[in-house]
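Below is the file target_30.txt, which contains compact mmCIF, C-alpha atoms and all ligand atoms.
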# COMPACT_ATOMS: atom_id res chain seq x y z
CA MET A 30 96.68 64.50 95.68
CA LYS A 31 97.97 65.88 92.38
CA VAL A 32 96.19 68.83 90.80
CA PHE A 33 96.67 70.05 87.25
CA VAL A 34 95.99 73.78 86.83
CA VAL A 35 95.16 75.12 83.38
CA ASN A 36 94.88 78.69 82.09
CA CYS A 37 93.82 78.81 78.44
CA GLY A 38 94.14 81.95 76.34
CA SER A 39 93.11 82.29 72.71
CA SER A 40 96.50 81.13 71.46
CA SER A 41 98.20 79.79 74.57
CA ILE A 42 97.85 77.25 77.36
CA LYS A 43 99.62 77.85 80.68
CA TYR A 44 99.76 74.96 83.12
CA GLN A 45 101.17 73.75 86.44
CA LEU A 46 101.05 70.35 88.06
CA PHE A 47 100.94 70.55 91.86
CA ASP A 48 101.63 67.91 94.42
CA MET A 49 99.17 69.04 97.08
CA LYS A 50 100.94 67.00 99.77
CA ASP A 51 103.30 69.97 100.17
CA GLU A 52 101.90 72.31 97.49
CA SER A 53 105.08 71.88 95.44
CA VAL A 54 105.09 72.45 91.68
CA LEU A 55 106.14 69.24 89.89
CA ALA A 56 106.06 70.82 86.45
CA LYS A 57 104.91 74.01 84.81
CA GLY A 58 104.87 75.36 81.35
CA LEU A 59 103.45 77.30 78.48
CA LEU A 60 102.29 76.20 75.06
CA GLU A 61 102.43 79.18 72.71
CA ARG A 62 100.87 79.66 69.27
CA VAL A 63 98.01 77.22 69.85
CA GLY A 64 96.03 77.12 66.61
CA SER A 65 99.09 76.64 64.43
CA ASP A 66 101.26 73.82 63.13
CA SER A 67 104.29 75.34 64.82
CA ALA A 68 103.27 75.73 68.44
CA LEU A 69 106.08 76.01 70.96
CA LEU A 70 106.07 74.11 74.24
CA HIS A 71 108.15 75.41 77.17
CA HIS A 72 108.01 72.68 79.80
CA LYS A 73 109.86 73.23 83.09
CA THR A 74 110.75 70.58 85.67
CA ASP A 75 113.45 70.68 88.33
CA GLY A 76 114.47 74.17 87.24
CA VAL A 77 115.22 73.07 83.67
CA THR A 78 113.13 74.31 80.73
CA HIS A 79 112.66 71.96 77.80
CA GLU A 80 111.48 73.45 74.52
CA LYS A 81 109.79 71.60 71.73
CA GLN A 82 108.05 72.62 68.53
CA VAL A 83 104.79 70.77 68.00
CA ALA A 84 101.66 70.94 65.86
CA ALA A 85 98.71 72.19 67.92
CA PRO A 86 95.93 73.14 65.52
CA ASN A 87 93.48 73.56 68.43
CA HIS A 88 93.24 73.45 72.23
CA THR A 89 92.45 69.72 72.27
CA ALA A 90 95.67 68.93 70.40
CA GLY A 91 97.53 71.37 72.66
CA MET A 92 96.21 69.68 75.80
CA THR A 93 97.28 66.27 74.46
CA THR A 94 100.80 67.62 73.85
CA ILE A 95 101.03 68.94 77.41
CA LEU A 96 99.76 65.70 78.95
CA GLU A 97 102.28 63.76 76.86
CA ALA A 98 105.04 65.95 78.27
CA LEU A 99 103.83 65.30 81.83
CA VAL A 100 104.09 61.50 81.35
CA ASP A 101 107.16 61.55 79.09
CA PRO A 102 109.84 59.14 80.39
CA LYS A 103 112.55 61.82 80.08
CA ILE A 104 110.93 65.17 80.88
CA GLY A 105 107.76 63.94 82.58
CA VAL A 106 106.94 63.93 86.29
CA ILE A 107 104.18 61.30 86.52
CA ARG A 108 103.91 57.81 85.11
CA SER A 109 100.34 58.06 83.93
CA ILE A 110 97.64 60.71 83.73
CA ASP A 111 95.67 58.53 86.16
CA GLU A 112 97.84 60.12 88.85
CA ILE A 113 96.00 63.43 88.31
CA ASP A 114 93.22 63.76 90.90
CA GLY A 115 91.69 67.03 89.79
CA VAL A 116 91.95 69.71 87.10
CA GLY A 117 91.51 73.38 88.01
CA HIS A 118 90.63 75.83 85.26
CA ARG A 119 90.99 79.58 85.35
CA VAL A 120 87.78 81.10 83.94
CA VAL A 121 87.55 84.84 83.47
CA HIS A 122 83.86 85.71 83.63
CA GLY A 123 81.16 84.21 85.78
CA ALA A 124 79.05 87.39 85.88
CA GLU A 125 76.43 87.64 88.64
CA GLU A 126 75.66 83.95 88.71
CA ILE A 127 79.00 82.84 90.10
CA THR A 128 80.16 83.68 93.61
CA GLY A 129 82.77 80.97 94.12
CA SER A 130 84.70 78.09 92.60
CA ALA A 131 82.65 75.10 91.47
CA ARG A 132 82.86 71.64 90.00
CA ILE A 133 82.29 71.74 86.26
CA ASP A 134 79.13 70.12 84.94
CA GLU A 135 76.81 70.84 82.02
CA ALA A 136 75.01 73.59 83.96
CA LEU A 137 78.27 75.40 84.76
CA ILE A 138 79.44 75.08 81.17
CA ASP A 139 76.16 76.74 80.18
CA VAL A 140 76.85 79.63 82.55
CA ILE A 141 80.33 80.14 81.07
CA ARG A 142 78.87 79.96 77.56
CA ARG A 143 76.09 82.44 78.42
CA ASN A 144 78.67 84.90 79.65
CA ILE A 145 80.69 84.88 76.42
CA GLU A 146 79.03 88.18 75.46
CA LEU A 147 80.58 89.77 78.56
CA ALA A 148 84.06 88.29 77.98
CA PRO A 149 84.28 87.58 74.25
CA LEU A 150 88.08 87.30 74.27
CA HIS A 151 88.45 85.14 77.36
CA ASN A 152 85.53 82.81 78.02
CA PRO A 153 85.70 81.02 74.61
CA PRO A 154 89.34 79.87 75.08
CA ASN A 155 88.61 79.05 78.75
CA LEU A 156 85.75 76.84 77.51
CA ALA A 157 87.94 75.29 74.82
CA GLY A 158 90.43 74.36 77.56
CA ILE A 159 87.71 72.82 79.71
CA GLU A 160 86.38 70.79 76.81
CA ALA A 161 89.89 69.68 75.83
CA ALA A 162 90.71 68.57 79.39
CA MET A 163 87.39 66.78 79.80
CA GLU A 164 88.10 64.90 76.61
CA ALA A 165 91.71 64.06 77.50
CA ILE A 166 91.15 63.23 81.18
CA PRO A 167 87.49 62.23 81.22
CA ASN A 168 87.17 60.59 84.62
CA VAL A 169 88.85 63.29 86.68
CA PRO A 170 86.84 66.05 88.41
CA GLN A 171 87.24 69.44 86.75
CA VAL A 172 86.84 72.66 88.71
CA ALA A 173 86.35 76.22 87.49
CA VAL A 174 87.87 79.12 89.43
CA PHE A 175 86.49 82.46 88.27
CA ASP A 176 88.36 85.78 88.09
CA THR A 177 85.16 87.62 88.95
CA ALA A 178 84.10 85.49 91.95
CA PHE A 179 86.01 87.31 94.73
CA LEU A 180 84.38 90.55 93.58
CA ALA A 181 80.86 89.11 93.83
CA THR A 182 80.55 90.62 97.33
CA LEU A 183 80.66 94.21 96.07
CA PRO A 184 77.53 96.06 97.20
CA PRO A 185 75.27 97.71 94.59
CA LYS A 186 76.58 101.18 95.48
CA ALA A 187 80.02 100.00 94.32
CA TYR A 188 79.01 97.92 91.32
CA ARG A 189 76.22 99.97 89.74
CA TYR A 190 76.96 102.74 87.26
CA ALA A 191 74.77 105.84 87.24
CA VAL A 192 73.30 105.03 83.84
CA PRO A 193 69.69 104.22 82.84
CA GLU A 194 68.38 101.32 84.92
CA ASP A 195 67.59 99.11 81.94
CA TRP A 196 71.24 99.17 80.88
CA TYR A 197 71.75 97.10 84.00
CA SER A 198 68.58 95.01 84.02
CA ARG A 199 68.49 94.30 80.27
CA PHE A 200 72.12 94.53 79.23
CA HIS A 201 73.94 93.56 82.45
CA VAL A 202 75.97 96.77 82.52
CA ARG A 203 77.68 96.89 85.94
CA ARG A 204 81.11 96.60 87.53
CA TYR A 205 82.22 92.95 87.71
CA GLY A 206 85.92 93.32 88.42
CA PHE A 207 88.79 91.01 87.51
CA HIS A 208 92.06 89.60 88.94
CA GLY A 209 89.82 88.27 91.75
CA THR A 210 91.87 85.12 92.31
CA SER A 211 94.99 87.21 92.83
CA HIS A 212 93.24 89.65 95.19
CA ARG A 213 91.82 86.72 97.18
CA TYR A 214 95.19 84.97 97.40
CA VAL A 215 97.05 88.05 98.66
CA THR A 216 94.20 88.89 101.07
CA LEU A 217 94.51 85.46 102.71
CA ARG A 218 98.31 85.56 102.68
CA ALA A 219 98.46 89.12 104.04
CA ALA A 220 96.06 88.19 106.87
CA GLU A 221 98.36 85.28 107.72
CA LEU A 222 101.49 87.46 107.62
CA LEU A 223 99.85 90.23 109.66
CA GLY A 224 98.59 87.72 112.21
CA ARG A 225 94.98 88.75 111.55
CA ASP A 226 91.85 86.65 111.24
CA PRO A 227 91.12 86.52 107.47
CA ALA A 228 87.46 87.26 108.23
CA GLN A 229 88.45 90.47 110.07
CA VAL A 230 91.22 91.87 107.92
CA ASN A 231 90.83 95.26 106.19
CA LEU A 232 93.12 95.83 103.23
CA ILE A 233 93.66 97.67 100.00
CA THR A 234 95.19 95.15 97.61
CA CYS A 235 96.95 96.43 94.48
CA HIS A 236 97.68 94.00 91.64
CA LEU A 237 100.24 95.83 89.52
CA GLY A 238 101.29 93.77 86.50
CA ASN A 239 100.61 94.34 82.84
CA GLY A 240 97.01 94.69 83.87
CA CYS A 241 96.50 96.65 87.10
CA SER A 242 93.62 96.67 89.56
CA MET A 243 92.87 97.53 93.18
CA THR A 244 90.40 96.04 95.64
CA ALA A 245 89.08 97.46 98.91
CA VAL A 246 88.73 94.53 101.31
CA ALA A 247 86.61 94.90 104.49
CA GLY A 248 86.45 91.97 106.89
CA GLY A 249 88.14 89.75 104.29
CA LYS A 250 85.52 90.55 101.62
CA ALA A 251 85.82 92.72 98.53
CA VAL A 252 83.71 95.87 98.87
CA ASP A 253 85.04 97.93 95.97
CA HIS A 254 87.29 97.39 93.00
CA SER A 255 88.88 99.49 90.27
CA MET A 256 88.21 97.42 87.15
CA GLY A 257 84.71 97.68 85.77
CA MET A 258 82.38 95.96 83.38
CA THR A 259 85.59 95.17 81.48
CA PRO A 260 89.25 95.25 82.57
CA LEU A 261 89.66 98.69 80.96
CA GLU A 262 88.54 100.82 83.91
CA GLY A 263 90.63 102.07 86.81
CA LEU A 264 94.40 102.27 87.06
CA VAL A 265 96.85 103.15 84.30
CA MET A 266 98.08 99.81 82.90
CA GLY A 267 100.74 98.63 80.46
CA THR A 268 98.64 99.36 77.38
CA ARG A 269 95.16 100.15 78.79
CA SER A 270 94.04 103.66 79.61
CA GLY A 271 92.18 103.01 82.85
CA ASP A 272 89.72 105.78 83.80
CA ILE A 273 88.86 108.31 81.13
CA ASP A 274 85.90 110.59 80.48
CA PRO A 275 83.51 108.35 78.46
CA ALA A 276 82.72 111.33 76.22
CA ILE A 277 86.29 111.11 74.87
CA ILE A 278 85.19 107.99 73.00
CA LEU A 279 82.33 109.83 71.29
CA TYR A 280 84.63 112.74 70.53
CA MET A 281 87.22 110.48 68.88
CA LEU A 282 84.46 108.77 66.88
CA SER A 283 83.38 112.21 65.68
CA ARG A 284 86.99 112.89 64.67
CA GLY A 285 86.87 109.99 62.24
CA LEU A 286 88.15 107.00 64.20
CA SER A 287 86.11 103.82 63.90
CA ALA A 288 84.74 102.03 66.98
CA GLU A 289 87.34 99.30 66.39
CA GLN A 290 90.16 101.85 66.24
CA VAL A 291 89.05 103.46 69.51
CA ASP A 292 88.74 100.05 71.15
CA GLU A 293 92.19 99.08 69.91
CA ALA A 294 93.71 102.40 71.02
CA LEU A 295 92.27 102.27 74.56
CA ASN A 296 93.21 98.63 75.11
CA LYS A 297 96.44 98.20 73.19
CA SER A 298 98.17 101.54 72.71
CA SER A 299 97.24 103.58 75.77
CA GLY A 300 98.42 103.34 79.38
CA LEU A 301 102.17 103.43 79.99
CA LEU A 302 102.84 102.72 76.32
CA GLY A 303 100.54 105.47 75.10
CA LEU A 304 101.81 108.10 77.53
CA SER A 305 105.49 107.34 77.04
CA GLY A 306 105.43 106.46 73.35
CA LEU A 307 108.21 104.07 74.37
CA SER A 308 107.18 100.88 76.14
CA ASN A 309 104.56 99.19 78.27
CA ASP A 310 107.26 97.71 80.48
CA MET A 311 107.87 99.64 83.70
CA ARG A 312 111.58 98.71 83.67
CA ASP A 313 112.09 100.49 80.33
CA LEU A 314 110.26 103.57 81.57
CA LEU A 315 112.22 103.81 84.80
CA ALA A 316 115.48 103.47 82.85
CA ALA A 317 114.40 106.14 80.34
CA ALA A 318 113.11 108.46 83.09
CA GLY A 319 116.51 108.18 84.79
CA LYS A 320 118.12 109.47 81.58
CA GLY A 321 115.84 112.48 81.28
CA GLY A 322 113.03 110.95 79.17
CA ARG A 323 110.24 113.43 79.96
CA ASN A 324 107.37 111.34 78.58
CA ALA A 325 108.57 108.24 80.43
CA GLU A 326 108.82 110.27 83.61
CA LEU A 327 105.28 111.60 83.17
CA ALA A 328 103.94 108.09 82.48
CA VAL A 329 105.49 106.85 85.75
CA GLU A 330 104.16 109.87 87.62
CA ILE A 331 100.60 109.36 86.36
CA PHE A 332 100.78 105.60 87.08
CA VAL A 333 101.70 106.22 90.73
CA TYR A 334 99.33 109.22 91.10
CA ARG A 335 96.33 107.10 90.04
CA ILE A 336 97.21 104.35 92.55
CA VAL A 337 97.63 106.85 95.39
CA LYS A 338 94.33 108.54 94.48
CA TYR A 339 92.48 105.20 94.62
CA VAL A 340 94.05 104.38 97.99
CA GLY A 341 92.67 107.69 99.26
CA ALA A 342 89.19 106.83 98.00
CA TYR A 343 89.22 103.30 99.42
CA TYR A 344 90.66 104.52 102.74
CA THR A 345 87.55 106.61 103.28
CA ILE A 346 85.08 103.77 102.58
CA LEU A 347 86.79 101.07 104.66
CA PRO A 348 86.01 100.55 108.36
CA GLY A 349 89.75 100.49 109.06
CA LEU A 350 92.95 99.69 107.21
CA ASP A 351 95.48 97.09 108.34
CA ALA A 352 97.76 97.46 105.31
CA VAL A 353 98.11 98.42 101.68
CA VAL A 354 99.29 95.30 99.83
CA LEU A 355 101.30 95.43 96.59
CA THR A 356 101.58 92.48 94.23
CA GLY A 357 102.05 91.59 90.52
CA GLY A 358 105.22 92.07 88.46
CA ILE A 359 105.58 95.76 89.35
CA GLY A 360 104.38 95.48 92.96
CA GLU A 361 106.66 92.52 93.67
CA ASN A 362 109.77 93.86 91.97
CA SER A 363 109.92 97.58 91.41
CA VAL A 364 111.72 99.28 94.30
CA PRO A 365 111.39 102.80 92.79
CA ILE A 366 107.64 102.53 92.14
CA ARG A 367 107.08 101.21 95.67
CA ARG A 368 109.14 104.08 97.07
CA MET A 369 106.95 106.56 95.17
CA ILE A 370 103.74 104.88 96.37
CA CYS A 371 104.90 105.04 100.01
CA ALA A 372 105.83 108.70 99.55
CA GLY A 373 102.40 109.39 98.04
CA LEU A 374 100.72 107.79 101.06
CA ARG A 375 102.64 109.86 103.62
CA ARG A 376 99.51 111.87 104.53
CA LEU A 377 97.82 108.58 105.51
CA GLY A 378 100.71 107.70 107.78
CA ALA A 379 102.93 105.54 105.56
CA VAL A 380 106.63 105.89 106.40
CA GLY A 381 108.71 104.19 103.71
CA ASP A 382 111.79 102.24 104.77
CA GLU A 383 114.42 102.11 102.04
CA ARG A 384 116.31 99.13 103.46
CA ARG A 385 113.15 97.06 103.79
CA ASN A 386 112.00 98.09 100.31
CA GLU A 387 115.28 96.95 98.77
CA ALA A 388 115.19 93.66 100.68
CA VAL A 389 111.69 92.58 99.62
CA VAL A 390 112.35 91.38 96.05
CA GLY A 391 112.65 88.08 94.18
CA GLY A 392 109.38 86.61 95.38
CA ARG A 393 109.78 87.65 99.03
CA ALA A 394 106.97 89.03 101.16
CA GLY A 395 107.35 91.71 103.80
CA PRO A 396 106.67 95.27 104.86
CA ILE A 397 108.36 98.14 103.01
CA THR A 398 107.35 100.73 105.61
CA ALA A 399 109.18 101.39 108.87
CA GLU A 400 108.42 99.65 112.16
CA GLY A 401 105.54 101.55 113.74
CA SER A 402 104.40 103.16 110.45
CA ALA A 403 100.76 104.22 111.04
CA LEU A 404 99.89 102.80 107.63
CA PRO A 405 101.87 99.65 106.81
CA VAL A 406 102.57 98.92 103.14
CA TRP A 407 103.36 95.29 102.39
CA VAL A 408 104.62 93.37 99.37
CA VAL A 409 102.91 89.99 99.05
CA PRO A 410 103.74 87.94 95.92
CA THR A 411 100.63 86.57 94.28
CA ASN A 412 100.07 82.95 93.25
CA GLU A 413 96.85 82.53 91.30
CA GLU A 414 97.75 79.00 90.23
CA LEU A 415 98.16 77.86 93.84
CA MET A 416 94.81 79.44 94.73
CA ILE A 417 93.19 77.50 91.85
CA ALA A 418 94.93 74.29 93.00
CA ARG A 419 93.72 74.79 96.59
CA ASP A 420 90.13 75.38 95.49
CA THR A 421 90.31 72.32 93.25
CA ARG A 422 91.68 70.18 96.08
CA ALA A 423 88.92 71.36 98.45
CA ILE A 424 86.13 70.69 95.94
CA VAL A 425 87.53 67.29 94.91
CA ALA A 426 88.10 66.26 98.55
CA ALA A 427 84.55 67.29 99.49
CA GLY A 428 83.23 65.24 96.55
CA ARG A 429 81.24 68.26 95.38
P1 LIG A 501 100.87 89.99 83.90
O1 LIG A 501 99.93 91.04 84.34
O2 LIG A 501 100.97 89.84 82.42
O3 LIG A 501 100.75 88.69 84.67
P2 LIG A 501 103.20 90.51 85.53
O4 LIG A 501 102.43 90.49 86.80
O5 LIG A 501 104.26 89.50 85.33
O6 LIG A 501 102.29 90.55 84.25
O7 LIG A 501 103.86 91.95 85.41
C1 LIG A 501 104.55 92.30 84.25
C2 LIG A 501 105.12 93.68 84.42
O8 LIG A 501 105.89 93.74 85.62
C3 LIG A 501 106.09 94.03 83.31
O9 LIG A 501 105.43 94.64 82.24
C4 LIG A 501 107.02 95.00 83.99
O10 LIG A 501 106.53 96.30 83.75
C5 LIG A 501 106.88 94.73 85.45
N1 LIG A 501 108.13 94.32 86.10
C6 LIG A 501 108.62 93.08 86.27
N2 LIG A 501 109.81 93.13 86.90
C7 LIG A 501 110.05 94.43 87.18
C8 LIG A 501 111.11 95.15 87.82
N3 LIG A 501 112.16 94.54 88.34
N4 LIG A 501 110.99 96.49 87.89
C9 LIG A 501 109.93 97.12 87.36
N5 LIG A 501 108.92 96.51 86.77
C10 LIG A 501 108.97 95.19 86.66
Is it possible to give me this structure as structure tokens?
Amino acid sequence: MKVFVVNCGSSSIKYQLFDMKDESVLAKGLLERVGSDSALLHHKTDGVTHEKQVAAPNHTAGMTTILEALVDPKIGVIRSIDEIDGVGHRVVHGAEEITGSARIDEALIDVIRRNIELAPLHNPPNLAGIEAAMEAIPNVPQVAVFDTAFLATLPPKAYRYAVPEDWYSRFHVRRYGFHGTSHRYVTLRAAELLGRDPAQVNLITCHLGNGCSMTAVAGGKAVDHSMGMTPLEGLVMGTRSGDIDPAIILYMLSRGLSAEQVDEALNKSSGLLGLSGLSNDMRDLLAAAGKGGRNAELAVEIFVYRIVKYVGAYYTILPGLDAVVLTGGIGENSVPIRRMICAGLRRLGAVGDERRNEAVVGGRAGPITAEGSALPVWVVPTNEELMIARDTRAIVAAGR
């Protein structure tokens, strides 16, 4: 079975074609600048990236370009699009209605459309991608895999905010959480690596990329999560503030900033970038901190402090803790940040192991704490696309 996985942003389409026989990636790529006459396709097969400038005035044209690349006699990997057995779409927001992946039909499209008000930047391009794929590959089952679905098991005490009840009942104000596909993938993979039953495993999973979030997992199910109604809450991120006093927003409005300026500042020029005044990339900050850059050093310190603080909170609400799991660009690659996290978790029994930490890079999984550490800390690379492909395969195979 071959599964085509699609992740549509407002001006980009990311894709991977999987051969589910062995879960290998036949081709993957990115179409940038969708919506323009000079879109750029990066199409990778056999370790070689082919680049091509194309016109892609909309997602439908973009999808056609990608499918042409997949069947191209030179850079393609299949003879005809008929070889595709299922298409899996990443969809950001399913709100309360969606608790798992599902085959796309008119009713599901309606749900995604209804939830545009909760994810105005993400659900519209996700929908555009679905419509484009349905048009280009009409007879193939299409499946939606939602970022929010893994977090649908949060109990009310974790997802409700202490605000007037009708904010929730009328306006749907609650914690939804995001990065769910990543947290689910690393939960399953960590259970496998730890030799635990996935329905019994207790974890704290930390997705540390440009966006950062943490999930408390009890018995394989999410019971709390750091992102909120939007992806702005929780950890310090590349450019997002994470937790702040909500009154700061009103204060800044009273100081003359517009709502749009505050929104822009909290989402695009806060976090590591805002604190350091230098960069949102952890590598730049670690390099600058090493050369005495005080603001970069403080940004790194606050980033790690927030993670450690959340681990403490989740530790107390879980029935037990098999491991803290780190993933995402920073979690998978940054030896110094992982060292600092282990040091911060010493009180909970984590004993960092420098040799192990240095060995677990480049997409490897493994513990970075010493043998016998009371609290194991593991690195488990995420693979959201593979999770989407697996869900798609299961739904297509079951004929659902
Ligand atoms: P996204 O959230 O956009 O998917 P990633 O998960 O790829 O992003 O994470 C991107 C971030 O990972 C970069 O901004 C960078 O800070 C960080 N990163 C990647 N490699 C390293 C590294 N070797 N050391 C430190 N940070 C790294």
Please produce, as CSV, a per-residue contact table for chain A versus ligand LIG 501 (chain A) (criterion: any atom at most 12 Å away, all atoms listed in the file considered), showing the nearest atom pair and its distance in Å to one decimal, sorted by chain then residue number.
residue,atom,partner,partner_atom,distance
A:Asn36,CA,A:LIG501,O3,11.9
A:Lys43,CA,A:LIG501,O3,11.6
A:Phe207,CA,A:LIG501,O1,11.6
A:His208,CA,A:LIG501,O1,9.2
A:Ser211,CA,A:LIG501,O3,10.1
A:Cys235,CA,A:LIG501,O4,11.1
A:His236,CA,A:LIG501,O4,7.6
A:Leu237,CA,A:LIG501,O4,6.4
A:Gly238,CA,A:LIG501,O7,3.3
A:Asn239,CA,A:LIG501,O1,3.7
A:Gly240,CA,A:LIG501,O1,4.7
A:Cys241,CA,A:LIG501,O1,7.1
A:Ser242,CA,A:LIG501,O1,9.9
A:Pro260,CA,A:LIG501,O1,11.6
A:Val265,CA,A:LIG501,O10,11.9
A:Met266,CA,A:LIG501,O9,9.0
A:Gly267,CA,A:LIG501,O9,6.4
A:Thr268,CA,A:LIG501,O9,9.6
A:Arg269,CA,A:LIG501,O1,11.7
A:Gly300,CA,A:LIG501,O9,11.5
A:Leu301,CA,A:LIG501,O10,9.2
A:Leu302,CA,A:LIG501,O9,10.3
A:Ser308,CA,A:LIG501,O9,8.9
A:Asn309,CA,A:LIG501,O9,6.1
A:Asp310,CA,A:LIG501,O10,3.6
A:Met311,CA,A:LIG501,O10,3.6
A:Arg312,CA,A:LIG501,C9,4.3
A:Asp313,CA,A:LIG501,O10,7.8
A:Leu314,CA,A:LIG501,O10,8.5
A:Leu315,CA,A:LIG501,C9,7.5
A:Ala316,CA,A:LIG501,C9,9.6
A:Val329,CA,A:LIG501,O10,10.8
A:Phe332,CA,A:LIG501,O10,11.4
A:Leu355,CA,A:LIG501,O4,11.0
A:Thr356,CA,A:LIG501,O4,7.7
A:Gly357,CA,A:LIG501,O4,3.9
A:Gly358,CA,A:LIG501,O7,3.3
A:Ile359,CA,A:LIG501,C5,4.2
A:Gly360,CA,A:LIG501,O8,7.7
A:Glu361,CA,A:LIG501,N2,7.5
A:Asn362,CA,A:LIG501,N3,4.4
A:Ser363,CA,A:LIG501,N4,3.8
A:Val364,CA,A:LIG501,N4,7.0
A:Pro365,CA,A:LIG501,C9,8.0
A:Ile366,CA,A:LIG501,C9,7.6
A:Arg367,CA,A:LIG501,C9,9.7
A:Arg368,CA,A:LIG501,C9,12.0
A:Glu387,CA,A:LIG501,N3,11.2
A:Val389,CA,A:LIG501,N3,11.5
A:Val390,CA,A:LIG501,N3,8.3
A:Gly391,CA,A:LIG501,N3,8.7
A:Gly392,CA,A:LIG501,N2,10.7
A:Pro410,CA,A:LIG501,O4,9.6
A:Thr411,CA,A:LIG501,O4,8.6
A:Asn412,CA,A:LIG501,O4,10.2
A:Glu413,CA,A:LIG501,O3,9.9
A:Glu414,CA,A:LIG501,O3,11.6
Residues within 10 Å of Gly105 of chain A, please, as a PyMOL selection string. Count only C-alpha atoms; anything in the same chain fewer than 3 positions from it doesn't count. chain A and resi 55-56+72-74+95-102+108-109
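Counting all atoms listed in the file, the residue from A:Leu307, A:Met243, A:Leu295, A:Val408 that sits nearest to Val337 of chain A is A:Met243.
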Extract, using all atoms listed in the file, all DNA, RNA and protein residues at most 10 Å from segment 145-152 of chain A, discarding same-chain residues fewer than 6 positions from it, and format them as number ranges by chain. A: 37-39, 119-124, 158, 200-202, 205, 258-260
Give me the residues within 8 Å of segment 303-305 of chain A as a list in words, counting all atoms listed in the file and dropping any in the same chain fewer than 4 places off.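 Contacts, with the query itself left out: Thr268, Ser298, Ser299, Leu314, Asn324, Ala325, Glu326, Leu327 and Ala328 of chain A.
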Give as a list in words each residue that has an atom at most 12 Å from (82.8, 107.8, 78.3) in the file, counting only C-alpha atoms. Tyr190, Val192, Leu261, Glu262, Gly271, Asp272, Ile273, Asp274, Pro275, Ala276, Ile277, Ile278, Leu279, Tyr280, Met281, Leu282, Val291 and Leu295 of chain A
When you count only C-alpha atoms, which of these residues is closest to Gln171 of chain A: A:Thr94, A:Thr210, A:Thr398, A:Ser130?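 Among the listed residues, A:Ser130 lies closest to Gln171 of chain A.
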Just the residues within 10 Å of Gly378 of chain A, please, counting only C-alpha atoms, with nothing from its chain fewer than 3 positions along; format it as an MDAnalysis selection string. chainID A and resid 371:372 374:375 381 398 401:405
Could you tell me which of A:Met416, A:Val340, A:Ile166, A:Leu183 comes closest to His212 of chain A if we count all atoms listed in the file?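 Comparing A:Met416, A:Val340, A:Ile166, A:Leu183 against His212 of chain A, the winner is A:Met416.
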Just want the 10 Å neighbourhood of Ala220 of chain A, counted on only C-alpha atoms, with same-chain residues fewer than 4 positions away dropped. Output as a PDB file with C-alpha atoms, in the coordinates of the input.
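The file below, around28.pdb, is the result:
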ATOM      1  CA  VAL A 215      97.050  88.050  98.660  1.00  0.00           C
ATOM      2  CA  THR A 216      94.200  88.890 101.070  1.00  0.00           C
ATOM      3  CA  GLY A 224      98.590  87.720 112.210  1.00  0.00           C
ATOM      4  CA  ARG A 225      94.980  88.750 111.550  1.00  0.00           C
ATOM      5  CA  ASP A 226      91.850  86.650 111.240  1.00  0.00           C
ATOM      6  CA  PRO A 227      91.120  86.520 107.470  1.00  0.00           C
ATOM      7  CA  ALA A 228      87.460  87.260 108.230  1.00  0.00           C
ATOM      8  CA  GLN A 229      88.450  90.470 110.070  1.00  0.00           C
ATOM      9  CA  VAL A 230      91.220  91.870 107.920  1.00  0.00           C
ATOM     10  CA  ASN A 231      90.830  95.260 106.190  1.00  0.00           C
ATOM     11  CA  LEU A 232      93.120  95.830 103.230  1.00  0.00           C
ATOM     12  CA  GLY A 249      88.140  89.750 104.290  1.00  0.00           C
ATOM     13  CA  ASP A 351      95.480  97.090 108.340  1.00  0.00           C
ATOM     14  CA  ALA A 352      97.760  97.460 105.310  1.00  0.00           C
TER      15      ALA A 352
END
Between A:Val406, A:Ile42, A:Ala426, A:Ile127, which one has atoms that come closest to Gly373 of chain A, using all atoms listed in the file?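 Closest residue, counting all atoms listed in the file: A:Val406.
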Closest of A:Val35, A:Ala131, A:Ile370, A:Leu69 to Leu156 of chain A - atom-to-atom distances counting only C-alpha atoms: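 Distance minimum relative to Leu156 of chain A lands on A:Val35.
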Which is closest to Met92 of chain A among A:Ile424, A:Ile336, A:Ser53, A:Phe33, if we use all atoms listed in the file? A:Phe33
What gap, in Å, lies between atom CA of Glu330 of chain A and atom CA of Arg213 of chain A?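 Pair atom CA of Glu330 of chain A / atom CA of Arg213 of chain A returns 27.9 Å.
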Quick one: segment 133-137 of chain A with N, CA and C atoms, as a PDB file, in the frame of the given file?
ATOM      1  N   ILE A 133      82.849  71.481  87.592  1.00  0.00           N
ATOM      2  CA  ILE A 133      82.290  71.740  86.260  1.00  0.00           C
ATOM      3  C   ILE A 133      81.324  70.630  85.868  1.00  0.00           C
ATOM      4  N   ASP A 134      80.115  71.044  85.517  1.00  0.00           N
ATOM      5  CA  ASP A 134      79.130  70.120  84.940  1.00  0.00           C
ATOM      6  C   ASP A 134      78.448  70.862  83.790  1.00  0.00           C
ATOM      7  N   GLU A 135      77.465  70.231  83.187  1.00  0.00           N
ATOM      8  CA  GLU A 135      76.810  70.840  82.020  1.00  0.00           C
ATOM      9  C   GLU A 135      76.232  72.219  82.363  1.00  0.00           C
ATOM     10  N   ALA A 136      75.645  72.326  83.576  1.00  0.00           N
ATOM     11  CA  ALA A 136      75.010  73.590  83.960  1.00  0.00           C
ATOM     12  C   ALA A 136      76.050  74.704  84.063  1.00  0.00           C
ATOM     13  N   LEU A 137      77.225  74.376  84.620  1.00  0.00           N
ATOM     14  CA  LEU A 137      78.270  75.400  84.760  1.00  0.00           C
ATOM     15  C   LEU A 137      78.832  75.783  83.395  1.00  0.00           C
TER      16      LEU A 137
END
